[in-house]
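Participant: Just protein12.cif, nothing more (mmCIF, N, CA and C atoms):
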```cif
data_query
#
loop_
_atom_site.label_atom_id
_atom_site.label_comp_id
_atom_site.auth_asym_id
_atom_site.auth_seq_id
_atom_site.Cartn_x
_atom_site.Cartn_y
_atom_site.Cartn_z
N MET X 1354 69.60 179.11 117.49
CA MET X 1354 70.43 178.23 116.73
C MET X 1354 71.66 177.88 117.55
N ARG X 1355 72.05 176.63 117.53
CA ARG X 1355 73.26 176.25 118.23
C ARG X 1355 74.48 176.79 117.48
N ASN X 1356 75.61 176.82 118.13
CA ASN X 1356 76.81 177.35 117.51
C ASN X 1356 77.23 176.47 116.34
N PRO X 1357 77.69 177.10 115.23
CA PRO X 1357 78.18 176.30 114.10
C PRO X 1357 79.35 175.43 114.53
N ILE X 1358 79.41 174.24 113.98
CA ILE X 1358 80.48 173.30 114.33
C ILE X 1358 81.73 173.69 113.56
N ARG X 1359 82.80 173.88 114.27
CA ARG X 1359 84.08 174.21 113.65
C ARG X 1359 85.08 173.15 114.05
N TRP X 1360 85.79 172.60 113.08
CA TRP X 1360 86.74 171.53 113.34
C TRP X 1360 87.87 172.05 114.21
N ASN X 1361 88.23 171.31 115.23
CA ASN X 1361 89.31 171.67 116.13
C ASN X 1361 90.35 170.55 116.09
N PRO X 1362 91.54 170.83 115.51
CA PRO X 1362 92.54 169.77 115.37
C PRO X 1362 93.11 169.28 116.70
N TRP X 1363 92.92 170.03 117.77
CA TRP X 1363 93.51 169.67 119.07
C TRP X 1363 92.50 168.92 119.95
N GLN X 1364 91.27 168.78 119.51
CA GLN X 1364 90.22 168.20 120.35
C GLN X 1364 90.54 166.77 120.77
N ARG X 1365 91.03 165.94 119.84
CA ARG X 1365 91.36 164.55 120.18
C ARG X 1365 92.48 164.48 121.20
N VAL X 1366 93.47 165.33 121.01
CA VAL X 1366 94.62 165.34 121.92
C VAL X 1366 94.18 165.80 123.31
N ALA X 1367 93.26 166.75 123.35
CA ALA X 1367 92.83 167.34 124.62
C ALA X 1367 92.21 166.30 125.55
N ARG X 1368 91.59 165.28 125.00
CA ARG X 1368 90.95 164.27 125.85
C ARG X 1368 91.98 163.40 126.56
N ARG X 1369 93.18 163.32 126.01
CA ARG X 1369 94.18 162.40 126.54
C ARG X 1369 95.33 163.08 127.26
N ASP X 1370 95.59 164.33 126.97
CA ASP X 1370 96.80 164.98 127.44
C ASP X 1370 96.47 166.16 128.35
N PRO X 1371 96.96 166.15 129.60
CA PRO X 1371 96.68 167.26 130.51
C PRO X 1371 97.41 168.54 130.13
N TRP X 1372 98.35 168.48 129.18
CA TRP X 1372 99.14 169.65 128.80
C TRP X 1372 98.56 170.38 127.59
N THR X 1373 97.34 170.06 127.24
CA THR X 1373 96.78 170.62 126.01
C THR X 1373 96.51 172.12 126.10
N HIS X 1374 96.50 172.68 127.30
CA HIS X 1374 96.30 174.12 127.37
C HIS X 1374 97.40 174.85 126.60
N GLU X 1375 98.60 174.28 126.55
CA GLU X 1375 99.68 174.88 125.76
C GLU X 1375 99.38 174.78 124.27
N LEU X 1376 98.79 173.68 123.83
CA LEU X 1376 98.41 173.53 122.43
C LEU X 1376 97.33 174.53 122.05
N ARG X 1377 96.39 174.76 122.96
CA ARG X 1377 95.33 175.73 122.68
C ARG X 1377 95.90 177.13 122.51
N ASP X 1378 96.95 177.45 123.27
CA ASP X 1378 97.60 178.75 123.10
C ASP X 1378 98.22 178.86 121.72
N VAL X 1379 98.83 177.79 121.24
CA VAL X 1379 99.42 177.78 119.90
C VAL X 1379 98.33 177.94 118.85
N GLU X 1380 97.21 177.23 119.03
CA GLU X 1380 96.11 177.32 118.08
C GLU X 1380 95.58 178.75 118.01
N SER X 1381 95.42 179.42 119.14
CA SER X 1381 94.91 180.79 119.12
C SER X 1381 95.90 181.73 118.44
N MET X 1382 97.20 181.48 118.58
CA MET X 1382 98.20 182.31 117.90
C MET X 1382 98.13 182.10 116.39
N LEU X 1383 97.95 180.85 115.94
CA LEU X 1383 97.91 180.55 114.52
C LEU X 1383 96.66 181.09 113.84
N ARG X 1384 95.59 181.25 114.60
CA ARG X 1384 94.32 181.70 114.03
C ARG X 1384 94.47 183.06 113.34
N ASP X 1385 95.33 183.92 113.85
CA ASP X 1385 95.46 185.27 113.30
C ASP X 1385 96.72 185.48 112.49
N VAL X 1386 97.41 184.41 112.13
CA VAL X 1386 98.62 184.53 111.32
C VAL X 1386 98.22 184.77 109.87
N PRO X 1387 98.82 185.79 109.23
CA PRO X 1387 98.51 186.01 107.81
C PRO X 1387 98.91 184.79 106.99
N GLY X 1388 98.10 184.47 105.98
CA GLY X 1388 98.41 183.34 105.11
C GLY X 1388 97.76 182.05 105.55
N VAL X 1389 97.21 182.00 106.77
CA VAL X 1389 96.50 180.81 107.22
C VAL X 1389 95.06 180.93 106.72
N PRO X 1390 94.56 179.95 105.96
CA PRO X 1390 93.25 180.08 105.34
C PRO X 1390 92.13 180.12 106.38
N ASP X 1391 91.20 181.01 106.16
CA ASP X 1391 90.05 181.10 107.04
C ASP X 1391 88.92 181.77 106.27
N MET X 1392 87.72 181.43 106.62
CA MET X 1392 86.55 182.02 106.00
C MET X 1392 85.68 182.53 107.15
N ARG X 1393 85.62 183.81 107.31
CA ARG X 1393 84.84 184.40 108.40
C ARG X 1393 83.38 184.50 107.97
N VAL X 1394 82.47 184.10 108.87
CA VAL X 1394 81.05 184.06 108.53
C VAL X 1394 80.20 184.68 109.63
N ASP X 1395 79.01 185.14 109.22
CA ASP X 1395 77.94 185.55 110.13
C ASP X 1395 76.73 184.73 109.72
N ILE X 1396 76.05 184.14 110.70
CA ILE X 1396 74.84 183.36 110.42
C ILE X 1396 73.69 183.95 111.23
N GLY X 1397 72.57 184.20 110.56
CA GLY X 1397 71.39 184.76 111.22
C GLY X 1397 70.17 183.88 110.99
N ASP X 1398 69.15 184.08 111.82
CA ASP X 1398 67.90 183.33 111.71
C ASP X 1398 66.76 184.30 111.97
N ASN X 1399 65.94 184.57 110.94
CA ASN X 1399 64.82 185.49 111.13
C ASN X 1399 63.50 184.76 111.36
N GLY X 1400 63.55 183.46 111.60
CA GLY X 1400 62.35 182.67 111.82
C GLY X 1400 61.87 181.94 110.58
N LYS X 1401 61.99 182.58 109.41
CA LYS X 1401 61.57 181.97 108.15
C LYS X 1401 62.74 181.41 107.37
N ALA X 1402 63.93 182.00 107.56
CA ALA X 1402 65.10 181.58 106.79
C ALA X 1402 66.37 181.87 107.58
N TYR X 1403 67.42 181.14 107.24
CA TYR X 1403 68.75 181.43 107.74
C TYR X 1403 69.44 182.33 106.73
N THR X 1404 70.24 183.26 107.20
CA THR X 1404 71.08 184.05 106.31
C THR X 1404 72.52 183.80 106.72
N LEU X 1405 73.35 183.61 105.74
CA LEU X 1405 74.76 183.36 105.99
C LEU X 1405 75.57 184.30 105.12
N LYS X 1406 76.49 185.04 105.73
CA LYS X 1406 77.39 185.91 104.99
C LYS X 1406 78.81 185.42 105.25
N ALA X 1407 79.56 185.20 104.17
CA ALA X 1407 80.93 184.71 104.27
C ALA X 1407 81.85 185.65 103.51
N GLU X 1408 82.96 186.02 104.15
CA GLU X 1408 83.94 186.88 103.50
C GLU X 1408 84.85 186.04 102.60
N LEU X 1409 84.85 186.36 101.30
CA LEU X 1409 85.67 185.66 100.32
C LEU X 1409 86.33 186.68 99.39
N PRO X 1410 87.18 187.55 99.93
CA PRO X 1410 87.77 188.59 99.09
C PRO X 1410 88.68 188.00 98.00
N GLY X 1411 88.54 188.54 96.80
CA GLY X 1411 89.39 188.12 95.70
C GLY X 1411 89.02 186.80 95.05
N VAL X 1412 87.90 186.21 95.45
CA VAL X 1412 87.48 184.92 94.89
C VAL X 1412 86.39 185.16 93.84
N GLU X 1413 86.58 184.55 92.67
CA GLU X 1413 85.58 184.66 91.60
C GLU X 1413 84.40 183.73 91.89
N LYS X 1414 83.22 184.11 91.40
CA LYS X 1414 82.03 183.30 91.69
C LYS X 1414 82.14 181.89 91.14
N ASP X 1415 82.88 181.70 90.04
CA ASP X 1415 83.04 180.36 89.47
C ASP X 1415 83.93 179.46 90.33
N ASP X 1416 84.66 180.06 91.27
CA ASP X 1416 85.55 179.30 92.16
C ASP X 1416 84.92 179.01 93.51
N ILE X 1417 83.62 179.29 93.64
CA ILE X 1417 82.90 179.05 94.89
C ILE X 1417 81.87 177.96 94.65
N HIS X 1418 81.81 176.99 95.55
CA HIS X 1418 80.83 175.91 95.47
C HIS X 1418 80.07 175.85 96.79
N VAL X 1419 78.74 175.92 96.69
CA VAL X 1419 77.87 175.88 97.86
C VAL X 1419 76.98 174.66 97.75
N SER X 1420 76.89 173.89 98.83
CA SER X 1420 76.05 172.70 98.85
C SER X 1420 75.11 172.78 100.05
N VAL X 1421 73.84 172.44 99.81
CA VAL X 1421 72.83 172.43 100.87
C VAL X 1421 72.22 171.04 100.91
N ASP X 1422 72.23 170.42 102.09
CA ASP X 1422 71.67 169.08 102.25
C ASP X 1422 71.03 168.98 103.63
N GLY X 1423 69.71 169.10 103.67
CA GLY X 1423 69.01 169.01 104.95
C GLY X 1423 69.39 170.16 105.87
N THR X 1424 70.09 169.83 106.96
CA THR X 1424 70.52 170.86 107.91
C THR X 1424 71.96 171.29 107.67
N ARG X 1425 72.65 170.68 106.72
CA ARG X 1425 74.08 170.96 106.48
C ARG X 1425 74.28 171.89 105.29
N VAL X 1426 75.08 172.92 105.51
CA VAL X 1426 75.47 173.85 104.46
C VAL X 1426 76.99 173.84 104.38
N SER X 1427 77.52 173.65 103.16
CA SER X 1427 78.97 173.60 102.97
C SER X 1427 79.37 174.62 101.91
N ILE X 1428 80.49 175.31 102.18
CA ILE X 1428 81.03 176.28 101.24
C ILE X 1428 82.49 175.92 101.00
N THR X 1429 82.86 175.82 99.74
CA THR X 1429 84.25 175.59 99.35
C THR X 1429 84.63 176.67 98.35
N ALA X 1430 85.81 177.28 98.53
CA ALA X 1430 86.27 178.33 97.62
C ALA X 1430 87.74 178.12 97.29
N GLU X 1431 88.09 178.46 96.08
CA GLU X 1431 89.46 178.35 95.60
C GLU X 1431 90.02 179.76 95.42
N VAL X 1432 91.09 180.07 96.15
CA VAL X 1432 91.78 181.35 96.01
C VAL X 1432 92.94 181.11 95.06
N ARG X 1433 92.90 181.75 93.91
CA ARG X 1433 93.90 181.49 92.88
C ARG X 1433 94.95 182.61 92.83
N ARG X 1434 96.19 182.19 92.56
CA ARG X 1434 97.29 183.14 92.40
C ARG X 1434 97.16 183.81 91.03
N ASP X 1435 97.47 185.08 90.95
CA ASP X 1435 97.42 185.82 89.69
C ASP X 1435 98.43 185.23 88.71
N PRO X 1436 97.99 184.81 87.52
CA PRO X 1436 98.92 184.18 86.57
C PRO X 1436 100.02 185.12 86.10
N GLN X 1437 99.84 186.42 86.23
CA GLN X 1437 100.85 187.38 85.83
C GLN X 1437 102.03 187.41 86.82
N ASP X 1438 101.87 186.78 87.99
CA ASP X 1438 102.91 186.78 89.02
C ASP X 1438 103.94 185.68 88.81
N LYS X 1439 103.86 184.90 87.73
CA LYS X 1439 104.77 183.77 87.54
C LYS X 1439 106.23 184.21 87.42
N ASP X 1440 106.48 185.34 86.79
CA ASP X 1440 107.85 185.80 86.56
C ASP X 1440 108.38 186.70 87.67
N VAL X 1441 107.59 186.86 88.73
CA VAL X 1441 107.98 187.75 89.83
C VAL X 1441 108.63 186.95 90.94
N GLN X 1442 109.80 187.42 91.38
CA GLN X 1442 110.46 186.77 92.52
C GLN X 1442 109.87 187.34 93.81
N ARG X 1443 109.38 186.49 94.67
CA ARG X 1443 108.73 186.91 95.92
C ARG X 1443 109.77 187.42 96.93
N VAL X 1444 109.51 188.58 97.46
CA VAL X 1444 110.30 189.11 98.56
C VAL X 1444 109.60 188.80 99.87
N CYS X 1445 108.26 188.89 99.83
CA CYS X 1445 107.42 188.57 100.99
C CYS X 1445 106.07 188.12 100.45
N SER X 1446 105.52 187.06 101.02
CA SER X 1446 104.21 186.59 100.60
C SER X 1446 103.40 186.20 101.83
N GLU X 1447 102.37 186.98 102.12
CA GLU X 1447 101.52 186.72 103.29
C GLU X 1447 100.12 186.29 102.89
N ARG X 1448 99.79 186.37 101.61
CA ARG X 1448 98.45 186.01 101.15
C ARG X 1448 98.35 184.51 100.98
N PHE X 1449 97.15 183.98 101.20
CA PHE X 1449 96.89 182.55 101.06
C PHE X 1449 96.38 182.25 99.66
N TYR X 1450 96.89 181.17 99.07
CA TYR X 1450 96.40 180.67 97.79
C TYR X 1450 96.08 179.20 97.99
N GLY X 1451 94.93 178.79 97.56
CA GLY X 1451 94.52 177.40 97.71
C GLY X 1451 93.04 177.32 98.01
N GLN X 1452 92.64 176.23 98.65
CA GLN X 1452 91.22 175.97 98.89
C GLN X 1452 90.87 176.16 100.36
N VAL X 1453 89.73 176.80 100.60
CA VAL X 1453 89.19 176.93 101.95
C VAL X 1453 87.81 176.27 101.96
N HIS X 1454 87.43 175.72 103.10
CA HIS X 1454 86.16 175.00 103.22
C HIS X 1454 85.58 175.24 104.60
N ARG X 1455 84.28 175.49 104.63
CA ARG X 1455 83.54 175.56 105.90
C ARG X 1455 82.24 174.79 105.73
N SER X 1456 81.81 174.15 106.80
CA SER X 1456 80.58 173.39 106.79
C SER X 1456 79.85 173.68 108.10
N PHE X 1457 78.52 173.83 108.02
CA PHE X 1457 77.73 174.20 109.19
C PHE X 1457 76.53 173.28 109.32
N ALA X 1458 76.20 172.94 110.56
CA ALA X 1458 74.98 172.20 110.86
C ALA X 1458 74.00 173.18 111.47
N LEU X 1459 72.88 173.42 110.78
CA LEU X 1459 71.87 174.36 111.25
C LEU X 1459 70.84 173.61 112.09
N ASP X 1460 70.05 174.36 112.86
CA ASP X 1460 69.03 173.74 113.72
C ASP X 1460 67.90 173.08 112.94
N GLY X 1461 67.47 173.71 111.85
CA GLY X 1461 66.36 173.18 111.07
C GLY X 1461 66.79 172.87 109.64
N GLU X 1462 65.97 172.07 108.97
CA GLU X 1462 66.28 171.72 107.59
C GLU X 1462 66.03 172.91 106.67
N VAL X 1463 66.79 172.94 105.58
CA VAL X 1463 66.73 174.04 104.62
C VAL X 1463 66.00 173.59 103.36
N ASP X 1464 65.17 174.49 102.82
CA ASP X 1464 64.51 174.25 101.54
C ASP X 1464 65.52 174.55 100.45
N ALA X 1465 66.23 173.52 99.97
CA ALA X 1465 67.30 173.71 98.99
C ALA X 1465 66.78 174.33 97.70
N ALA X 1466 65.54 174.03 97.31
CA ALA X 1466 64.99 174.56 96.07
C ALA X 1466 64.80 176.08 96.14
N GLY X 1467 64.55 176.61 97.33
CA GLY X 1467 64.33 178.04 97.49
C GLY X 1467 65.57 178.81 97.93
N ALA X 1468 66.68 178.12 98.11
CA ALA X 1468 67.90 178.76 98.58
C ALA X 1468 68.53 179.59 97.46
N THR X 1469 69.12 180.73 97.83
CA THR X 1469 69.79 181.59 96.86
C THR X 1469 71.18 181.97 97.37
N ALA X 1470 72.07 182.31 96.43
CA ALA X 1470 73.43 182.71 96.77
C ALA X 1470 73.81 183.90 95.89
N GLN X 1471 74.41 184.93 96.50
CA GLN X 1471 74.87 186.10 95.76
C GLN X 1471 76.26 186.47 96.25
N LEU X 1472 77.12 186.89 95.31
CA LEU X 1472 78.46 187.36 95.65
C LEU X 1472 78.55 188.82 95.27
N ASP X 1473 78.86 189.67 96.25
CA ASP X 1473 78.97 191.10 96.01
C ASP X 1473 80.12 191.66 96.82
N LYS X 1474 81.10 192.23 96.14
CA LYS X 1474 82.26 192.87 96.77
C LYS X 1474 82.98 191.94 97.73
N GLY X 1475 83.13 190.69 97.34
CA GLY X 1475 83.88 189.73 98.16
C GLY X 1475 83.11 189.12 99.31
N VAL X 1476 81.81 189.39 99.40
CA VAL X 1476 80.97 188.81 100.45
C VAL X 1476 79.92 187.91 99.80
N LEU X 1477 79.94 186.64 100.17
CA LEU X 1477 78.94 185.68 99.70
C LEU X 1477 77.77 185.72 100.66
N GLN X 1478 76.56 185.94 100.13
CA GLN X 1478 75.38 185.94 100.98
C GLN X 1478 74.45 184.83 100.54
N LEU X 1479 74.13 183.93 101.49
CA LEU X 1479 73.19 182.84 101.25
C LEU X 1479 71.89 183.14 101.98
N THR X 1480 70.77 182.91 101.31
CA THR X 1480 69.45 182.97 101.94
C THR X 1480 68.92 181.55 101.88
N LEU X 1481 68.69 180.96 103.05
CA LEU X 1481 68.35 179.55 103.16
C LEU X 1481 66.99 179.40 103.86
N PRO X 1482 65.89 179.34 103.09
CA PRO X 1482 64.56 179.19 103.69
C PRO X 1482 64.45 177.88 104.47
N LYS X 1483 63.72 177.93 105.58
CA LYS X 1483 63.54 176.72 106.39
C LYS X 1483 62.50 175.80 105.77
N LYS X 1484 62.68 174.50 106.01
CA LYS X 1484 61.76 173.49 105.48
C LYS X 1484 61.79 172.28 106.41
N ALA X 1485 60.75 171.43 106.30
CA ALA X 1485 60.71 170.21 107.11
C ALA X 1485 61.67 169.15 106.61
N GLY X 1486 62.05 169.18 105.33
CA GLY X 1486 62.99 168.21 104.75
C GLY X 1486 63.56 168.75 103.47
N GLY X 1487 64.66 168.18 103.01
CA GLY X 1487 65.26 168.69 101.78
C GLY X 1487 66.21 167.71 101.15
N GLN X 1488 66.62 168.01 99.93
CA GLN X 1488 67.59 167.21 99.21
C GLN X 1488 68.77 168.11 98.83
N ALA X 1489 69.92 167.48 98.64
CA ALA X 1489 71.13 168.22 98.30
C ALA X 1489 70.96 168.90 96.94
N ARG X 1490 71.49 170.11 96.86
CA ARG X 1490 71.43 170.85 95.62
C ARG X 1490 72.61 171.83 95.59
N ARG X 1491 73.27 171.93 94.47
CA ARG X 1491 74.37 172.88 94.31
C ARG X 1491 73.79 174.22 93.88
N LEU X 1492 74.20 175.31 94.54
CA LEU X 1492 73.66 176.63 94.24
C LEU X 1492 74.52 177.34 93.20
N ALA X 1493 73.87 178.04 92.29
CA ALA X 1493 74.58 178.89 91.33
C ALA X 1493 74.79 180.26 91.95
N ILE X 1494 75.99 180.78 91.86
CA ILE X 1494 76.31 182.10 92.41
C ILE X 1494 75.88 183.15 91.40
N GLN X 1495 75.17 184.19 91.88
CA GLN X 1495 74.70 185.26 90.98
C GLN X 1495 75.60 186.46 91.08
#
```
Take the structure I supplied and represent it as structure tokens, if you would.

Facilitator:
Amino acid sequence: MRNPIRWNPWQRVARRDPWTHELRDVESMLRDVPGVPDMRVDIGDNGKAYTLKAELPGVEKDDIHVSVDGTRVSITAEVRRDPQDKDVQRVCSERFYGQVHRSFALDGEVDAAGATAQLDKGVLQLTLPKKAGGQARRLAIQ
């Protein structure tokens, strides 16, 4: 499988500016800053199906949306702030609240009808059987 496509905000600039190596250093520093949204994933291929595991700690299954369309798999999750924290004055806040999104182009088409999604202990696991063609379908999280 080819590497999953990850959006790079500096890619356009890099084609035009010889000083972009400095921007890449900034990007690598920001990648590990607390509070910057990220969804870490592992993608596997056993020949019959792709497996995708995504870390989504603290996210409820109703706040996760998975879409499968041909070779494209998209995951969107909403990290919500605890409503009991409204009256609390923040001294320090490093946690991210908001929406995170990842999208992947796989080598082969996925059988959307046979795809499954499970959320267990903050890890979303997708099983995506391979197929010659497919149609978009939203997966229900179990």

Participant: Taking the file above as input, evaluate the PyMOL selection byres ((chain X and resi 1418-1434) around 5) and report the hits as a PyMOL selection string.

Facilitator: chain X and resi 1416-1417+1435-1436+1450-1459+1461-1463+1487-1492

Participant: What's the 10 Å shell around Arg1393 (chain X), counting only C-alpha atoms, without same-chain residues fewer than 6 positions away, as a list in words?

Facilitator: Lys1406, Ala1407, Glu1408, Leu1409, Arg1455 and Val1476 of chain X

Participant: Could you check which of X:Glu1447, X:Lys1401, X:Asp1395, X:Gln1442 is closest to Leu1481 (chain X), using all atoms listed in the file?

Facilitator: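 Ranked by minimum distance to Leu1481 (chain X), first place goes to X:Lys1401.
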
Participant: When you draw a straight line from CA of Lys1439 (chain X) to atom C of Lys1414 (chain X), how long is it in Å?

Facilitator: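 So the two atoms, CA of Lys1439 (chain X) and atom C of Lys1414 (chain X), lie 23.0 Å apart.
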
Participant: What does the distance between CA of Met1392 (chain X) and CA of Leu1472 (chain X) come to in Å, to one decimal place?

Facilitator: 14.2 Å

Participant: Which residue out of X:Thr1480, X:Lys1474, X:Ala1466, X:Asp1415 has the minimum interatomic distance to Ile1494 (chain X) when all atoms listed in the file are used?

Facilitator: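 Comparing X:Thr1480, X:Lys1474, X:Ala1466, X:Asp1415 against Ile1494 (chain X), the winner is X:Asp1415.
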
Participant: Please, what distance in Å, to one decimal, runs between atom C of Leu1479 (chain X) and CA of Pro1410 (chain X)?

Facilitator: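 Computed distance, atom C of Leu1479 (chain X) to CA of Pro1410 (chain X), equals 17.0 Å.
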
Participant: For this structure, which residues satisfy the selection - the PyMOL selection byres ((chain X and resi 1402) around 5) - when it is evaluated on the file as given? I want them as a PDB file with N, CA and C atoms, in the coordinates of the input.

Facilitator:
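After the write, selection-v1.pdb holds the following:
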```pdb
ATOM      1  N   ASP X1398      69.150 184.080 111.820  1.00  0.00           N
ATOM      2  CA  ASP X1398      67.900 183.330 111.710  1.00  0.00           C
ATOM      3  C   ASP X1398      66.760 184.300 111.970  1.00  0.00           C
ATOM      4  N   ASN X1399      65.940 184.570 110.940  1.00  0.00           N
ATOM      5  CA  ASN X1399      64.820 185.490 111.130  1.00  0.00           C
ATOM      6  C   ASN X1399      63.500 184.760 111.360  1.00  0.00           C
ATOM      7  N   GLY X1400      63.550 183.460 111.600  1.00  0.00           N
ATOM      8  CA  GLY X1400      62.350 182.670 111.820  1.00  0.00           C
ATOM      9  C   GLY X1400      61.870 181.940 110.580  1.00  0.00           C
ATOM     10  N   LYS X1401      61.990 182.580 109.410  1.00  0.00           N
ATOM     11  CA  LYS X1401      61.570 181.970 108.150  1.00  0.00           C
ATOM     12  C   LYS X1401      62.740 181.410 107.370  1.00  0.00           C
ATOM     13  N   TYR X1403      67.420 181.140 107.240  1.00  0.00           N
ATOM     14  CA  TYR X1403      68.750 181.430 107.740  1.00  0.00           C
ATOM     15  C   TYR X1403      69.440 182.330 106.730  1.00  0.00           C
ATOM     16  N   THR X1404      70.240 183.260 107.200  1.00  0.00           N
ATOM     17  CA  THR X1404      71.080 184.050 106.310  1.00  0.00           C
ATOM     18  C   THR X1404      72.520 183.800 106.720  1.00  0.00           C
ATOM     19  N   LEU X1481      68.690 180.960 103.050  1.00  0.00           N
ATOM     20  CA  LEU X1481      68.350 179.550 103.160  1.00  0.00           C
ATOM     21  C   LEU X1481      66.990 179.400 103.860  1.00  0.00           C
ATOM     22  N   PRO X1482      65.890 179.340 103.090  1.00  0.00           N
ATOM     23  CA  PRO X1482      64.560 179.190 103.690  1.00  0.00           C
ATOM     24  C   PRO X1482      64.450 177.880 104.470  1.00  0.00           C
ATOM     25  N   LYS X1483      63.720 177.930 105.580  1.00  0.00           N
ATOM     26  CA  LYS X1483      63.540 176.720 106.390  1.00  0.00           C
ATOM     27  C   LYS X1483      62.500 175.800 105.770  1.00  0.00           C
TER      28      LYS X1483
END
```

Participant: With N, CA, C and O atoms as the target, complete region 1445-1456 of chain X and hand it back as a compact mmCIF listing (two decimals), in the coordinates of the input.

Facilitator:
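Final output, out.txt:
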```txt
# COMPACT_ATOMS: atom_id res chain seq x y z
N CYS X 1445 108.26 188.89 99.83
CA CYS X 1445 107.42 188.57 100.99
C CYS X 1445 106.07 188.12 100.45
O CYS X 1445 105.55 188.71 99.51
N SER X 1446 105.52 187.06 101.02
CA SER X 1446 104.21 186.59 100.60
C SER X 1446 103.40 186.20 101.83
O SER X 1446 103.72 185.23 102.52
N GLU X 1447 102.37 186.98 102.12
CA GLU X 1447 101.52 186.72 103.29
C GLU X 1447 100.12 186.29 102.89
O GLU X 1447 99.33 185.90 103.73
N ARG X 1448 99.79 186.37 101.61
CA ARG X 1448 98.45 186.01 101.15
C ARG X 1448 98.35 184.51 100.98
O ARG X 1448 99.31 183.84 100.63
N PHE X 1449 97.15 183.98 101.20
CA PHE X 1449 96.89 182.55 101.06
C PHE X 1449 96.38 182.25 99.66
O PHE X 1449 95.56 182.98 99.11
N TYR X 1450 96.89 181.17 99.07
CA TYR X 1450 96.40 180.67 97.79
C TYR X 1450 96.08 179.20 97.99
O TYR X 1450 96.88 178.45 98.53
N GLY X 1451 94.93 178.79 97.56
CA GLY X 1451 94.52 177.40 97.71
C GLY X 1451 93.04 177.32 98.01
O GLY X 1451 92.28 178.22 97.71
N GLN X 1452 92.64 176.23 98.65
CA GLN X 1452 91.22 175.97 98.89
C GLN X 1452 90.87 176.16 100.36
O GLN X 1452 91.64 175.77 101.25
N VAL X 1453 89.73 176.80 100.60
CA VAL X 1453 89.19 176.93 101.95
C VAL X 1453 87.81 176.27 101.96
O VAL X 1453 87.11 176.25 100.94
N HIS X 1454 87.43 175.72 103.10
CA HIS X 1454 86.16 175.00 103.22
C HIS X 1454 85.58 175.24 104.60
O HIS X 1454 86.29 175.20 105.59
N ARG X 1455 84.28 175.49 104.63
CA ARG X 1455 83.54 175.56 105.90
C ARG X 1455 82.24 174.79 105.73
O ARG X 1455 81.64 174.78 104.66
N SER X 1456 81.81 174.15 106.80
CA SER X 1456 80.58 173.39 106.79
C SER X 1456 79.85 173.68 108.10
O SER X 1456 80.48 173.74 109.15
```
